[in-house]
Amino acid sequence: LWAGLGGGGAIFLLGAIALIVLRQKRAREEAAINSQAVAEQQESLARNKTRITEASLRFQQTASTRALADSYLQTTHDLLEVLQGAVYLVTPAEAPTGLQLLAGFGCSPDIPLTLKFGEGLLGQCAVEQKARVVTGIQPDYWTITSVLCTTVPTEIVLLPLLRQAQLLGVVELAPSRPFDAGTQIILDELTMLLSLNLEIHLRNEKTRQLLDETRWQTREMQEQSAEIERQRGTLAA
């Protein structure tokens with residue numbers, strides 16, 4: 001066969017065989033890389049699912065809205081490297097006109113305690129009820145301060161807390177670096193869990209308030225009834 005092909009034909013055939021071998025080798029390498037990437041992606045998804053489940057349990061075990069907000073901010077710091085953050089609650093609950101600070105993480109002491117709707121980026125987020133990412137942060141708006149240095153975050157993330165189209169509050173976060181697709185999914189899940197548990201806490205607080213008012217009214221009626229009976233007894237005597 002080799003003699004029939006001649007020198008040039010043999011070289012061509014050898015080259016074709018080598019090319020086929022190289023292509024097969026490359027295909028096997030790409031398949032291995034893709035398989036590893038899929039395995040790493042599945043492992044990452046499973047790990048994130050576990051983290052979100054653990055966070056959900058922590059959120060459910062909080063005793064107050066403040067504790068819930070603190071747990072949310074701590075979790076975003078641990079999982080997403082958020083360096084600073086704040087959670088604001090709408091106020092008053094019946095006819096909201098502004099925001100009140102519920103919890104902060106790594107914030108300066110002069111963080112605003114209250115904001116009106118439309119005031120600043122946070123107040124505007126409450127009006128629009130849409131998530132927003134702000135880049136090109138100016139030092140006079142937000143700085144991250146540590147013992148060693150002061151820096152400006154690469155971006156600020158604003159998130160409305162919504163349940164059934166009702167605004168419960170607004171979150172503002174300063175991550176150490178922009179969120180990618182994976183960390184954005186985790187952030188969305190954590191924020192959804194915050195909104196869900198915040199709604200539960202607020203509903204429970206309202207129920208406790210109504211129960212306290214009912215008990216007070218019942219006690220007042222009992223005292224009035226006792227006073228009437230006492231007066232009747234006095235008149236009868």
# chains A, B, ... in the order shown; residues from 1 in each chain; ligands from 1
>>> closest_atom_pairs(of="region 41-145 of chain A", to="region 204-216 of chain A", cutoff="10 Å", atoms="only C-alpha atoms", output="tab-separated table")
residue	atom	partner	partner_atom	distance
A:Ser64	CA	A:Glu205	CA	8.8
A:Thr65	CA	A:Glu205	CA	9.3
A:Ala93	CA	A:Lys206	CA	9.9
>>> select_by_dssp(residues="region 42-181 of chain A", states="strand (DSSP E or B)", output="VMD selection string")
chain A and resid 82 to 91 98 to 105 114 to 116 132 to 135 144 to 145 150 to 151 155 to 163 166 to 175
>>> atom_distance(atom1="CA of Val87 (chain A)", atom2="CA of Lys130 (chain A)")
15.4 Å
>>> closest_residue(among="A:Leu121, A:Leu83, A:Ala18, A:Leu196", to="Thr154 (chain A)", atoms="only C-alpha atoms")
A:Leu83
>>> atom_distance(atom1="CA of Leu73 (chain A)", atom2="CA of Leu193 (chain A)")
12.3 Å
>>> atom_distance(atom1="CA of Leu190 (chain A)", atom2="CA of Ile52 (chain A)")
6.9 Å
>>> residues_around(residues="region 157-165 of chain A", least_positions_apart="3", cutoff="6 Å", atoms="only C-alpha atoms", output="PyMOL selection string")
chain A and resi 129+131-133+168-173+195
